[in-house]
$ cat structure_39.txt   # compact mmCIF, C-alpha atoms
# COMPACT_ATOMS: atom_id res chain seq x y z
CA MET A 1453 -4.66 -30.21 -9.72
CA GLU A 1454 -7.18 -27.94 -8.01
CA MET A 1455 -7.42 -25.76 -11.13
CA ILE A 1456 -7.95 -28.85 -13.33
CA ASN A 1457 -10.71 -30.07 -11.03
CA GLN A 1458 -12.37 -26.66 -11.14
CA LEU A 1459 -12.26 -26.56 -14.95
CA LEU A 1460 -13.61 -30.11 -15.22
CA SER A 1461 -16.35 -29.34 -12.69
CA THR A 1462 -17.43 -26.31 -14.70
CA ALA A 1463 -17.44 -28.33 -17.94
CA SER A 1464 -19.36 -31.17 -16.28
CA GLY A 1465 -21.89 -28.72 -14.85
CA TRP A 1466 -22.52 -27.34 -18.34
CA ALA A 1467 -22.64 -30.82 -19.87
CA TRP A 1468 -25.23 -32.05 -17.35
CA GLY A 1469 -27.08 -28.76 -17.22
CA PRO A 1470 -30.65 -27.99 -18.30
CA ALA A 1471 -29.84 -28.43 -22.01
CA MET A 1472 -28.65 -32.03 -21.58
CA LEU A 1473 -31.46 -33.01 -19.22
CA THR A 1474 -33.96 -31.45 -21.64
CA LEU A 1475 -32.42 -33.42 -24.53
CA LEU A 1476 -32.60 -36.67 -22.55
CA LEU A 1477 -36.16 -36.11 -21.39
CA GLY A 1478 -37.24 -34.66 -24.73
CA THR A 1479 -35.94 -37.69 -26.62
CA GLY A 1480 -37.74 -40.00 -24.19
CA VAL A 1481 -41.01 -38.07 -24.49
CA TYR A 1482 -40.75 -37.99 -28.30
CA LEU A 1483 -40.13 -41.75 -28.53
CA THR A 1484 -42.88 -42.49 -25.99
CA LEU A 1485 -45.38 -40.53 -28.10
CA ARG A 1486 -44.18 -42.03 -31.41
CA LEU A 1487 -44.51 -45.52 -29.92
CA LYS A 1488 -47.98 -44.63 -28.56
CA PHE A 1489 -46.93 -45.41 -24.97
CA LEU A 1490 -45.89 -48.95 -25.96
CA PRO A 1491 -43.55 -49.48 -22.95
CA LEU A 1492 -46.41 -48.87 -20.52
CA ARG A 1493 -48.99 -50.79 -22.56
CA HIS A 1494 -46.70 -53.78 -23.12
CA LEU A 1495 -45.18 -54.11 -19.64
CA GLY A 1496 -46.88 -57.47 -19.02
CA TYR A 1497 -45.89 -58.72 -22.47
CA ALA A 1498 -42.29 -57.71 -21.79
CA PHE A 1499 -42.15 -59.77 -18.59
CA ARG A 1500 -43.53 -62.77 -20.51
CA MET A 1501 -40.83 -62.31 -23.16
CA LEU A 1502 -38.23 -62.12 -20.39
CA TRP A 1503 -39.36 -65.46 -18.97
CA LYS A 1504 -39.23 -67.05 -22.44
CA GLY A 1505 -35.82 -65.46 -23.03
CA ARG A 1506 -33.93 -67.61 -20.54
CA HIS A 1507 -32.89 -69.99 -23.32
CA SER A 1508 -32.46 -69.43 -27.04
CA SER A 1509 -30.84 -71.14 -30.03
CA GLN A 1510 -31.03 -68.11 -32.31
CA LYS A 1511 -28.05 -66.07 -33.54
CA GLY A 1512 -26.07 -64.33 -30.82
CA ASP A 1513 -23.69 -65.04 -27.94
CA ILE A 1514 -25.87 -65.08 -24.80
CA PRO A 1515 -29.59 -65.73 -24.05
CA PRO A 1516 -31.87 -62.64 -24.11
CA PHE A 1517 -32.41 -62.95 -20.34
CA SER A 1518 -28.64 -62.96 -19.75
CA ALA A 1519 -28.25 -59.90 -21.96
CA LEU A 1520 -30.66 -58.04 -19.66
CA MET A 1521 -28.83 -59.29 -16.56
CA THR A 1522 -25.52 -58.10 -18.04
CA ALA A 1523 -27.02 -54.68 -18.74
CA MET A 1524 -28.55 -54.55 -15.26
CA ALA A 1525 -25.23 -55.59 -13.73
CA ALA A 1526 -23.86 -52.32 -15.08
CA THR A 1527 -26.84 -50.13 -14.13
CA VAL A 1528 -27.64 -51.48 -10.64
CA GLY A 1529 -24.74 -49.98 -8.72
CA THR A 1530 -23.87 -47.51 -6.00
CA GLY A 1531 -26.41 -45.05 -7.41
CA ASN A 1532 -29.28 -47.25 -6.25
CA ILE A 1533 -28.12 -46.90 -2.64
CA ALA A 1534 -25.97 -43.79 -2.27
CA GLY A 1535 -27.21 -41.83 -5.28
CA VAL A 1536 -30.90 -42.01 -4.38
CA ALA A 1537 -30.13 -40.91 -0.82
CA THR A 1538 -28.12 -37.94 -2.11
CA ALA A 1539 -30.91 -36.92 -4.51
CA LEU A 1540 -33.43 -37.06 -1.66
CA PHE A 1541 -31.14 -35.09 0.66
CA ILE A 1542 -30.45 -32.27 -1.82
CA GLY A 1543 -33.62 -32.25 -3.93
CA GLY A 1544 -36.04 -33.28 -1.20
CA PRO A 1545 -38.74 -35.98 -1.43
CA GLY A 1546 -40.05 -34.40 -4.64
CA ALA A 1547 -36.88 -35.57 -6.42
CA ILE A 1548 -38.14 -39.16 -6.09
CA PHE A 1549 -41.32 -38.33 -8.02
CA TRP A 1550 -39.33 -36.84 -10.90
CA MET A 1551 -37.01 -39.85 -10.78
CA TRP A 1552 -40.09 -42.04 -11.37
CA VAL A 1553 -41.26 -39.86 -14.27
CA THR A 1554 -37.80 -39.99 -15.84
CA ALA A 1555 -37.76 -43.78 -15.59
CA LEU A 1556 -41.20 -44.24 -17.16
CA ILE A 1557 -40.17 -42.01 -20.06
CA GLY A 1558 -36.74 -43.64 -20.21
CA MET A 1559 -38.31 -47.05 -20.88
CA ALA A 1560 -39.09 -45.90 -24.44
CA THR A 1561 -35.49 -44.75 -24.84
CA LYS A 1562 -34.06 -48.05 -23.60
CA TYR A 1563 -36.49 -49.99 -25.82
CA SER A 1564 -35.38 -48.01 -28.88
CA GLU A 1565 -31.68 -48.42 -28.09
CA ALA A 1566 -31.98 -52.21 -27.95
CA VAL A 1567 -34.07 -52.41 -31.13
CA LEU A 1568 -31.38 -50.54 -33.05
CA ALA A 1569 -28.55 -52.49 -31.38
CA VAL A 1570 -29.89 -55.85 -32.59
CA LYS A 1571 -30.94 -54.50 -36.00
CA TYR A 1572 -27.50 -53.07 -36.85
CA ARG A 1573 -25.11 -55.38 -34.96
CA GLU A 1574 -22.12 -57.07 -36.60
CA VAL A 1575 -19.95 -60.16 -36.10
CA ASP A 1576 -16.32 -59.32 -35.29
CA GLU A 1577 -13.10 -61.09 -36.29
CA ASP A 1578 -13.41 -63.53 -33.39
CA GLY A 1579 -17.01 -64.46 -34.24
CA ARG A 1580 -18.61 -62.37 -31.45
CA TYR A 1581 -21.78 -60.36 -31.97
CA VAL A 1582 -21.03 -56.70 -31.34
CA GLY A 1583 -23.27 -53.67 -31.43
CA GLY A 1584 -24.36 -50.48 -29.75
CA PRO A 1585 -24.59 -46.80 -30.70
CA MET A 1586 -21.31 -46.81 -32.67
CA TYR A 1587 -22.64 -49.59 -34.90
CA TYR A 1588 -26.15 -48.27 -35.41
CA ILE A 1589 -24.72 -44.85 -36.19
CA LYS A 1590 -22.29 -46.35 -38.74
CA ASN A 1591 -24.62 -48.92 -40.29
CA GLY A 1592 -27.91 -47.09 -39.94
CA MET A 1593 -26.98 -43.46 -40.62
CA GLY A 1594 -24.24 -43.79 -43.25
CA GLU A 1595 -20.63 -42.80 -43.85
CA LYS A 1596 -21.01 -39.09 -43.16
CA TRP A 1597 -22.06 -39.89 -39.58
CA LYS A 1598 -19.07 -42.12 -38.79
CA PRO A 1599 -17.24 -39.38 -36.83
CA LEU A 1600 -20.20 -39.44 -34.43
CA ALA A 1601 -19.78 -43.20 -34.01
CA PHE A 1602 -16.06 -42.70 -33.37
CA ALA A 1603 -16.82 -40.03 -30.77
CA PHE A 1604 -19.22 -42.31 -28.87
CA ALA A 1605 -16.71 -45.19 -28.83
CA LEU A 1606 -13.89 -42.89 -27.70
CA PHE A 1607 -15.88 -41.31 -24.87
CA GLY A 1608 -17.31 -44.69 -23.84
CA SER A 1609 -13.99 -46.51 -23.68
CA ILE A 1610 -12.53 -43.81 -21.39
CA ALA A 1611 -15.67 -43.05 -19.35
CA ALA A 1612 -15.93 -46.74 -18.42
CA PHE A 1613 -12.86 -46.37 -16.19
CA GLY A 1614 -14.66 -43.71 -14.18
CA ILE A 1615 -18.33 -44.59 -13.73
CA GLY A 1616 -17.83 -48.34 -14.17
CA ASN A 1617 -14.44 -48.95 -12.58
CA MET A 1618 -12.70 -46.61 -10.15
CA VAL A 1619 -15.90 -45.11 -8.70
CA GLN A 1620 -17.29 -48.59 -8.02
CA ALA A 1621 -14.02 -49.99 -6.64
CA ASN A 1622 -13.74 -47.00 -4.32
CA ALA A 1623 -17.30 -47.58 -3.10
CA VAL A 1624 -16.60 -51.25 -2.33
CA ALA A 1625 -13.40 -50.36 -0.47
CA GLY A 1626 -15.20 -47.71 1.56
CA ALA A 1627 -18.05 -50.05 2.44
CA MET A 1628 -15.71 -52.86 3.49
CA GLU A 1629 -13.60 -50.53 5.62
CA THR A 1630 -16.63 -48.96 7.35
CA ALA A 1631 -18.53 -52.19 8.02
CA PHE A 1632 -15.72 -54.69 8.62
CA GLY A 1633 -12.49 -52.68 9.01
CA VAL A 1634 -10.91 -54.22 5.89
CA ASN A 1635 -7.90 -52.32 4.54
CA ASN A 1636 -8.57 -50.58 1.22
CA GLN A 1637 -5.53 -52.15 -0.46
CA VAL A 1638 -6.65 -55.63 0.58
CA THR A 1639 -10.09 -54.94 -0.92
CA GLY A 1640 -8.40 -53.69 -4.10
CA ILE A 1641 -6.33 -56.87 -4.48
CA VAL A 1642 -9.32 -59.16 -3.86
CA LEU A 1643 -11.42 -57.21 -6.36
CA MET A 1644 -8.66 -57.44 -8.96
CA LEU A 1645 -8.52 -61.22 -8.61
CA LEU A 1646 -12.28 -61.77 -8.67
CA ILE A 1647 -12.99 -59.42 -11.56
CA GLY A 1648 -10.01 -60.76 -13.49
CA LEU A 1649 -11.31 -64.32 -13.25
CA VAL A 1650 -14.60 -63.24 -14.81
CA VAL A 1651 -13.49 -60.58 -17.31
CA PHE A 1652 -10.87 -62.75 -19.00
CA GLY A 1653 -13.60 -65.33 -19.67
CA GLY A 1654 -15.30 -62.92 -22.07
CA VAL A 1655 -18.95 -62.00 -22.46
CA LYS A 1656 -20.27 -65.50 -21.77
CA ARG A 1657 -18.60 -65.70 -18.35
CA ILE A 1658 -19.65 -62.12 -17.54
CA ALA A 1659 -23.22 -63.01 -18.52
CA HIS A 1660 -23.21 -66.22 -16.45
CA THR A 1661 -21.94 -64.33 -13.39
CA ALA A 1662 -24.43 -61.50 -13.87
CA THR A 1663 -27.30 -63.96 -14.37
CA ALA A 1664 -26.42 -65.59 -11.04
CA LEU A 1665 -25.74 -62.45 -8.99
CA VAL A 1666 -28.13 -59.77 -10.27
CA PRO A 1667 -31.45 -61.54 -9.53
CA LEU A 1668 -30.13 -62.74 -6.16
CA MET A 1669 -28.92 -59.35 -4.97
CA ALA A 1670 -32.04 -57.59 -6.25
CA VAL A 1671 -34.41 -60.03 -4.52
CA LEU A 1672 -32.51 -59.84 -1.21
CA TYR A 1673 -32.29 -56.03 -1.20
CA VAL A 1674 -35.93 -55.58 -2.22
CA GLY A 1675 -37.00 -58.30 0.26
CA VAL A 1676 -35.36 -56.57 3.24
CA SER A 1677 -36.76 -53.22 2.06
CA LEU A 1678 -40.29 -54.63 1.83
CA TRP A 1679 -39.97 -56.04 5.34
CA ILE A 1680 -39.07 -52.58 6.66
CA LEU A 1681 -41.96 -51.02 4.73
CA LEU A 1682 -44.37 -53.61 6.14
CA THR A 1683 -43.23 -52.94 9.71
CA HIS A 1684 -43.68 -49.19 9.07
CA ILE A 1685 -46.84 -49.52 6.97
CA ASP A 1686 -48.59 -46.76 8.90
CA ALA A 1687 -45.98 -44.24 7.68
CA LEU A 1688 -46.05 -45.39 4.02
CA PRO A 1689 -49.12 -43.44 2.78
CA GLY A 1690 -47.75 -40.26 4.31
CA ALA A 1691 -44.33 -40.84 2.73
CA ILE A 1692 -45.84 -41.30 -0.74
CA ALA A 1693 -48.06 -38.24 -0.27
CA THR A 1694 -45.02 -36.17 0.75
CA ILE A 1695 -43.11 -37.33 -2.34
CA VAL A 1696 -45.94 -36.36 -4.70
CA GLU A 1697 -46.75 -33.08 -2.96
CA SER A 1698 -43.09 -31.99 -2.75
CA ALA A 1699 -42.67 -32.58 -6.49
CA PHE A 1700 -44.92 -29.57 -7.16
CA THR A 1701 -44.47 -27.43 -4.05
CA GLY A 1702 -40.88 -28.04 -2.93
CA SER A 1703 -39.84 -29.17 0.57
CA ALA A 1704 -39.75 -27.02 3.67
CA ALA A 1705 -36.74 -27.20 5.99
CA ALA A 1706 -37.09 -29.81 8.75
CA GLY A 1707 -34.53 -31.05 11.26
CA GLY A 1708 -31.16 -31.31 9.55
CA PHE A 1709 -32.78 -30.98 6.11
CA ALA A 1710 -32.18 -27.57 4.56
CA GLY A 1711 -35.27 -27.53 2.33
CA ALA A 1712 -35.48 -27.69 -1.47
CA GLY A 1713 -37.41 -25.86 -4.20
CA ILE A 1714 -39.28 -27.36 -7.15
CA ILE A 1715 -36.42 -26.72 -9.60
CA LEU A 1716 -33.95 -28.52 -7.34
CA ALA A 1717 -36.36 -31.45 -6.99
CA ILE A 1718 -36.74 -31.75 -10.77
CA GLN A 1719 -33.01 -31.35 -11.44
CA PHE A 1720 -31.86 -33.99 -8.96
CA GLY A 1721 -34.77 -36.34 -9.68
CA VAL A 1722 -34.10 -36.34 -13.42
CA ALA A 1723 -30.34 -36.60 -12.95
CA ARG A 1724 -30.68 -39.51 -10.52
CA GLY A 1725 -33.06 -41.31 -12.85
CA VAL A 1726 -30.65 -40.96 -15.76
CA PHE A 1727 -27.52 -41.86 -13.78
CA SER A 1728 -29.23 -44.89 -12.26
CA ASN A 1729 -30.87 -46.57 -15.25
CA GLU A 1730 -28.61 -45.05 -17.97
CA ALA A 1731 -31.49 -44.68 -20.43
CA GLY A 1732 -30.17 -42.53 -23.27
CA MET A 1733 -26.48 -42.94 -22.44
CA GLY A 1734 -26.07 -45.71 -25.00
CA SER A 1735 -24.37 -48.22 -22.70
CA ALA A 1736 -27.07 -50.91 -22.29
CA PRO A 1737 -27.58 -51.59 -26.03
CA ILE A 1738 -23.97 -52.83 -26.17
CA ALA A 1739 -25.02 -55.76 -23.98
CA HIS A 1740 -28.34 -56.36 -25.75
CA ALA A 1741 -26.55 -56.57 -29.12
CA ALA A 1742 -25.03 -59.89 -27.96
CA ALA A 1743 -28.45 -61.47 -27.29
CA GLN A 1744 -29.40 -64.71 -29.05
CA THR A 1745 -32.35 -63.35 -31.00
CA ASN A 1746 -33.47 -62.64 -34.54
CA ASP A 1747 -36.13 -60.17 -33.41
CA PRO A 1748 -34.96 -56.63 -32.48
CA VAL A 1749 -38.38 -55.64 -31.14
CA ARG A 1750 -38.60 -58.62 -28.80
CA GLN A 1751 -35.20 -57.73 -27.33
CA GLY A 1752 -36.33 -54.12 -27.05
CA HIS A 1753 -39.21 -55.24 -24.83
CA ILE A 1754 -36.81 -57.17 -22.62
CA ALA A 1755 -34.35 -54.26 -22.49
CA MET A 1756 -36.89 -51.71 -21.28
CA LEU A 1757 -37.49 -53.85 -18.17
CA GLY A 1758 -34.01 -52.89 -17.01
CA THR A 1759 -35.14 -49.29 -16.51
CA PHE A 1760 -38.34 -50.38 -14.76
CA ILE A 1761 -36.61 -52.78 -12.36
CA ASP A 1762 -33.64 -50.51 -11.65
CA THR A 1763 -35.51 -47.30 -10.90
CA ILE A 1764 -39.20 -48.00 -10.30
CA ILE A 1765 -38.44 -51.00 -8.06
CA ILE A 1766 -34.92 -50.92 -6.57
CA CYS A 1767 -34.36 -47.14 -6.31
CA SER A 1768 -37.89 -46.73 -4.95
CA MET A 1769 -37.15 -49.23 -2.19
CA THR A 1770 -34.19 -47.14 -1.03
CA ALA A 1771 -36.18 -43.91 -1.14
CA LEU A 1772 -39.26 -45.27 0.65
CA VAL A 1773 -37.22 -46.92 3.42
CA ILE A 1774 -35.46 -43.59 4.04
CA MET A 1775 -38.81 -41.81 4.10
CA VAL A 1776 -40.82 -44.16 6.35
CA THR A 1777 -38.04 -44.40 8.93
CA GLY A 1778 -37.97 -40.58 9.15
CA VAL A 1779 -34.16 -40.30 8.93
CA TRP A 1780 -34.19 -38.10 5.80
CA THR A 1781 -34.34 -34.93 7.91
CA GLY A 1782 -31.36 -35.95 10.08
CA GLY A 1783 -28.68 -34.18 8.03
CA GLU A 1784 -26.96 -37.30 6.67
CA THR A 1785 -26.56 -38.09 2.98
CA GLY A 1786 -25.30 -40.77 0.58
CA ALA A 1787 -24.71 -44.36 1.71
CA VAL A 1788 -24.56 -43.19 5.34
CA LEU A 1789 -28.19 -42.00 5.11
CA THR A 1790 -29.32 -45.30 3.57
CA ALA A 1791 -27.42 -47.30 6.22
CA SER A 1792 -29.05 -45.20 8.94
CA ALA A 1793 -32.49 -45.89 7.45
CA PHE A 1794 -31.96 -49.66 7.33
CA THR A 1795 -30.47 -49.71 10.84
CA ASN A 1796 -33.44 -47.75 12.13
CA GLY A 1797 -35.93 -49.80 10.14
CA LEU A 1798 -34.62 -53.15 11.38
CA ALA A 1799 -33.85 -51.79 14.87
CA SER A 1800 -30.48 -53.49 14.53
CA ASP A 1801 -26.91 -52.76 13.44
CA ALA A 1802 -27.48 -55.52 10.89
CA GLY A 1803 -29.12 -52.85 8.75
CA ALA A 1804 -25.80 -51.08 8.14
CA VAL A 1805 -24.13 -54.42 7.34
CA ILE A 1806 -26.86 -55.28 4.81
CA VAL A 1807 -26.41 -51.92 3.10
CA ALA A 1808 -22.60 -52.34 3.02
CA LEU A 1809 -22.88 -55.84 1.52
CA SER A 1810 -25.56 -54.75 -0.98
CA LEU A 1811 -23.49 -51.76 -2.05
CA SER A 1812 -20.43 -54.01 -2.49
CA VAL A 1813 -22.26 -56.59 -4.61
CA PHE A 1814 -24.01 -53.90 -6.66
CA ALA A 1815 -20.65 -52.22 -7.33
CA PHE A 1816 -18.98 -55.57 -8.10
CA THR A 1817 -21.49 -56.37 -10.84
CA THR A 1818 -21.16 -52.84 -12.23
CA LEU A 1819 -17.43 -53.45 -12.60
CA LEU A 1820 -18.27 -56.51 -14.71
CA GLY A 1821 -20.92 -54.89 -16.87
CA TRP A 1822 -18.93 -51.77 -17.65
CA SER A 1823 -15.79 -53.79 -18.42
CA TYR A 1824 -17.75 -55.25 -21.33
CA TYR A 1825 -19.05 -51.85 -22.45
CA GLY A 1826 -15.59 -50.28 -22.41
CA GLU A 1827 -14.04 -53.26 -24.15
CA ARG A 1828 -16.56 -53.16 -27.02
CA CYS A 1829 -16.01 -49.41 -27.45
CA ALA A 1830 -12.24 -49.93 -27.52
CA GLU A 1831 -12.63 -52.78 -30.05
CA TYR A 1832 -14.58 -50.48 -32.37
CA LEU A 1833 -11.67 -48.02 -32.27
CA ALA A 1834 -8.75 -50.46 -32.60
CA SER A 1835 -10.11 -53.93 -33.60
CA THR A 1836 -9.94 -57.10 -31.48
CA LYS A 1837 -6.19 -56.72 -30.82
CA ILE A 1838 -6.98 -54.12 -28.14
CA ILE A 1839 -9.09 -56.49 -26.03
CA THR A 1840 -6.37 -58.14 -23.91
CA PRO A 1841 -4.46 -54.89 -23.15
CA TYR A 1842 -7.77 -53.21 -22.27
CA ARG A 1843 -8.66 -55.99 -19.83
CA VAL A 1844 -5.24 -55.76 -18.16
CA LEU A 1845 -5.60 -51.98 -17.79
CA TRP A 1846 -9.12 -52.51 -16.41
CA ILE A 1847 -7.82 -54.78 -13.65
CA VAL A 1848 -5.02 -52.36 -12.71
CA ALA A 1849 -7.49 -49.44 -12.53
CA ILE A 1850 -9.58 -51.38 -10.00
CA PHE A 1851 -6.71 -51.37 -7.50
CA ALA A 1852 -6.10 -47.67 -8.14
CA GLY A 1853 -9.77 -46.87 -7.49
CA ALA A 1854 -9.89 -48.92 -4.29
CA ALA A 1855 -6.53 -48.00 -2.77
CA LEU A 1856 -5.62 -44.54 -4.05
CA SER A 1857 -7.50 -41.32 -3.35
CA ASP A 1858 -5.18 -38.50 -4.49
CA TYR A 1859 -6.69 -38.23 -7.95
CA PHE A 1860 -10.06 -39.77 -7.25
CA ASN A 1861 -12.07 -36.54 -7.42
CA THR A 1862 -10.51 -35.73 -10.79
CA VAL A 1863 -11.48 -39.16 -12.13
CA LEU A 1864 -15.03 -38.78 -10.81
CA ILE A 1865 -15.56 -35.36 -12.38
CA LEU A 1866 -13.99 -36.45 -15.70
CA ALA A 1867 -16.23 -39.52 -15.76
CA ASP A 1868 -19.35 -37.37 -15.33
CA LEU A 1869 -18.24 -35.16 -18.22
CA LEU A 1870 -17.49 -38.09 -20.53
CA ASN A 1871 -20.82 -39.75 -19.69
CA ALA A 1872 -22.61 -36.65 -20.95
CA LEU A 1873 -20.45 -36.56 -24.07
CA MET A 1874 -21.22 -40.21 -24.93
CA ALA A 1875 -24.96 -39.58 -24.49
CA ILE A 1876 -25.06 -36.84 -27.14
CA PRO A 1877 -24.15 -39.02 -30.19
CA ASN A 1878 -26.55 -41.71 -28.98
CA LEU A 1879 -29.49 -39.33 -28.56
CA ILE A 1880 -28.87 -37.84 -32.01
CA ALA A 1881 -28.90 -41.37 -33.47
CA LEU A 1882 -32.15 -42.27 -31.69
CA LEU A 1883 -33.88 -39.22 -33.13
CA VAL A 1884 -32.51 -39.69 -36.68
CA LEU A 1885 -33.29 -43.43 -36.72
CA SER A 1886 -36.68 -43.16 -34.99
CA PRO A 1887 -38.54 -43.97 -38.26
CA ILE A 1888 -36.70 -47.32 -38.36
CA ILE A 1889 -37.70 -48.03 -34.74
CA ILE A 1890 -41.36 -47.30 -35.52
CA LYS A 1891 -41.27 -49.37 -38.73
CA LEU A 1892 -39.75 -52.42 -37.00
CA THR A 1893 -42.23 -52.10 -34.14
CA ARG A 1894 -45.23 -51.98 -36.48
CA GLU A 1895 -44.01 -54.99 -38.44
CA HIS A 1896 -43.58 -56.96 -35.24
CA LEU A 1897 -47.02 -56.05 -33.90
CA GLN A 1898 -48.67 -56.97 -37.22
CA LYS A 1899 -47.34 -60.54 -37.04

$ encode --input "structure_39.txt" --output "structure tokens"
Amino acid sequence: MEMINQLLSTASGWAWGPAMLTLLLGTGVYLTLRLKFLPLRHLGYAFRMLWKGRHSSQKGDIPPFSALMTAMAATVGTGNIAGVATALFIGGPGAIFWMWVTALIGMATKYSEAVLAVKYREVDEDGRYVGGPMYYIKNGMGEKWKPLAFAFALFGSIAAFGIGNMVQANAVAGAMETAFGVNNQVTGIVLMLLIGLVVFGGVKRIAHTATALVPLMAVLYVGVSLWILLTHIDALPGAIATIVESAFTGSAAAGGFAGAGIILAIQFGVARGVFSNEAGMGSAPIAHAAAQTNDPVRQGHIAMLGTFIDTIIICSMTALVIMVTGVWTGGETGAVLTASAFTNGLASDAGAVIVALSLSVFAFTTLLGWSYYGERCAEYLASTKIITPYRVLWIVAIFAGAALSDYFNTVLILADLLNALMAIPNLIALLVLSPIIIKLTREHLQK
């Protein structure tokens, strides 16, 4: 098993190396320029479209707002709490700056993904609207590209069990055991029951649950974070200055912090931005394809808000709380570092409890969102007959992720590798179909 892990780690390191990060960033930069910085210019317009998108009678399965909440359910997960802390610990404060840059560029990528998802979606045998990279590759790029669509669906259906299932279930179990002493197997059983009740209700029940939970958890987490920032307002300007300065100079060693160079800051900042908001991975457009809309560009505007809210708002709250409380040099990392920051910031053990509960709810919604992504990928490969067996396997994997640890590292490394592999077909499609994205955008703006 050790040899397998080593081989997978090497492959994952290559897959997420400079070439992949350059492809992800390069695609985002290219689309940002082709769209003439539309995501930044139209941010206010996008929020207005989001407010109007709470209800719709147009073609689709769920309201545009619910489509965004379903996508955000999958993206707002353990990475927003543990991942940001790890990036800061290894890459230094400068990593946060590059995380911001990646998110601002990634908004164009997420916009483009959703535009294509709605443009090229289909209606399946059961009358559901389905779409995503596999469909816009097949329907937008032609027959000769279908192997690329197959590859995305294959990687996506398997990768979902890692990033969206076992990793999240394990995080919930760990949080519950640390904060409340709950046995991992008990957490696994409860998660199986709760997720099962939602998943077997299909996309509409997933969307309803996400629409209820995602705004609530985001507001509560951001609210507590803002309170800590307000009570440490004197340290905030210095924290922001350190983040910006370290992005171009690196970070000197301090306390338990080992120091980090510029390259490390860029690498971990970009990686954290991508892992957190998933811009370019091709997952979010699967949810946006189900939106009740006849306008791909309008849904694209709504979709790009997911990247903004996830990274620019929620991830930034985690990073800034860690910075202003001064715990980032203490030698801790991951969720432990974030819990320490909140405990210090609130001057109460309630801080650690809030982090544990937030991490659990974030991970719970990720389990829901990724169940839908994996299911749609599996359906593309084997038609609607695969849906029920896939859901059953999804529920079983939750218990394995929460209660078993023998093969967990292997699953984690394999998931990272497959995530990179599913991004490649999607990024190729975005570049090939970019003229369609620009054409649809111009037509919309001329109305």

$ residues_around --input "structure_39.txt" --residues "Lys1504 in chain A" --least-positions-apart "4" --cutoff "12 Å" --atoms "all atoms listed in the file" --output "VMD selection string"
chain A and resid 1497 to 1500 1508 1515 to 1518 1745 1750 to 1751 1754

$ atom_distance --input "structure_39.txt" --atom1 "CA of Ser1823 in chain A" --atom2 "CA of Leu1483 in chain A"
29.0 Å

$ atom_distance --input "structure_39.txt" --atom1 "CA of Lys1837 in chain A" --atom2 "CA of Thr1661 in chain A"
24.7 Å

$ atom_distance --input "structure_39.txt" --atom1 "CA of Ser1677 in chain A" --atom2 "CA of Met1733 in chain A"
28.5 Å

$ closest_residue --input "structure_39.txt" --among "A:Ala1799, A:Val1813, A:Val1536, A:Leu1606" --to "Thr1770 in chain A" --atoms "all atoms listed in the file"
A:Val1536

$ axis_aligned_box --input "structure_39.txt" --around "range 1477-1481 of chain A" --padding-each-side "6 Å" --output "AutoDock Vina command-line options"
--center_x -38.5 --center_y -37.3 --center_z -24.0 --size_x 17.1 --size_y 17.3 --size_z 17.2

$ closest_residue --input "structure_39.txt" --among "A:Ala1771, A:Ala1560, A:Ala1881, A:Ile1806" --to "Lys1488 in chain A" --atoms "only C-alpha atoms"
A:Ala1560

$ closest_residue --input "structure_39.txt" --among "A:Gly1648, A:Gly1633, A:Gly1535, A:Pro1491" --to "Phe1851 in chain A" --atoms "only C-alpha atoms"
A:Gly1648

$ closest_residue --input "structure_39.txt" --among "A:Gly1558, A:Gly1783, A:Gly1654, A:Gly1675" --to "Thr1759 in chain A" --atoms "only C-alpha atoms"
A:Gly1558

$ residues_around --input "structure_39.txt" --residues "Ala1717 in chain A" --least-positions-apart "2" --cutoff "9 Å" --atoms "all atoms listed in the file" --output "list in words"
Ala1539, Leu1540, Ile1542, Gly1543, Gly1544, Pro1545, Gly1546, Ala1547, Ile1548, Phe1549, Trp1550, Ser1698, Ala1699, Phe1700, Gly1702, Ser1703, Ala1712, Gly1713, Ile1714, Ile1715, Gln1719, Phe1720, Gly1721 and Val1722 of chain A

$ write_last_selection --input "structure_39.txt" --atoms "C-alpha atoms" --output "compact mmCIF listing (two decimals), in the coordinates of the input"
# COMPACT_ATOMS: atom_id res chain seq x y z
CA ALA A 1539 -30.91 -36.92 -4.51
CA LEU A 1540 -33.43 -37.06 -1.66
CA ILE A 1542 -30.45 -32.27 -1.82
CA GLY A 1543 -33.62 -32.25 -3.93
CA GLY A 1544 -36.04 -33.28 -1.20
CA PRO A 1545 -38.74 -35.98 -1.43
CA GLY A 1546 -40.05 -34.40 -4.64
CA ALA A 1547 -36.88 -35.57 -6.42
CA ILE A 1548 -38.14 -39.16 -6.09
CA PHE A 1549 -41.32 -38.33 -8.02
CA TRP A 1550 -39.33 -36.84 -10.90
CA SER A 1698 -43.09 -31.99 -2.75
CA ALA A 1699 -42.67 -32.58 -6.49
CA PHE A 1700 -44.92 -29.57 -7.16
CA GLY A 1702 -40.88 -28.04 -2.93
CA SER A 1703 -39.84 -29.17 0.57
CA ALA A 1712 -35.48 -27.69 -1.47
CA GLY A 1713 -37.41 -25.86 -4.20
CA ILE A 1714 -39.28 -27.36 -7.15
CA ILE A 1715 -36.42 -26.72 -9.60
CA GLN A 1719 -33.01 -31.35 -11.44
CA PHE A 1720 -31.86 -33.99 -8.96
CA GLY A 1721 -34.77 -36.34 -9.68
CA VAL A 1722 -34.10 -36.34 -13.42

$ residues_around --input "structure_39.txt" --residues "range 1476-1481 of chain A" --least-positions-apart "6" --cutoff "9 Å" --atoms "all atoms listed in the file" --output "PyMOL selection string"
chain A and resi 1554+1556-1562+1722+1726+1731-1733+1875-1876+1879-1880+1882-1883
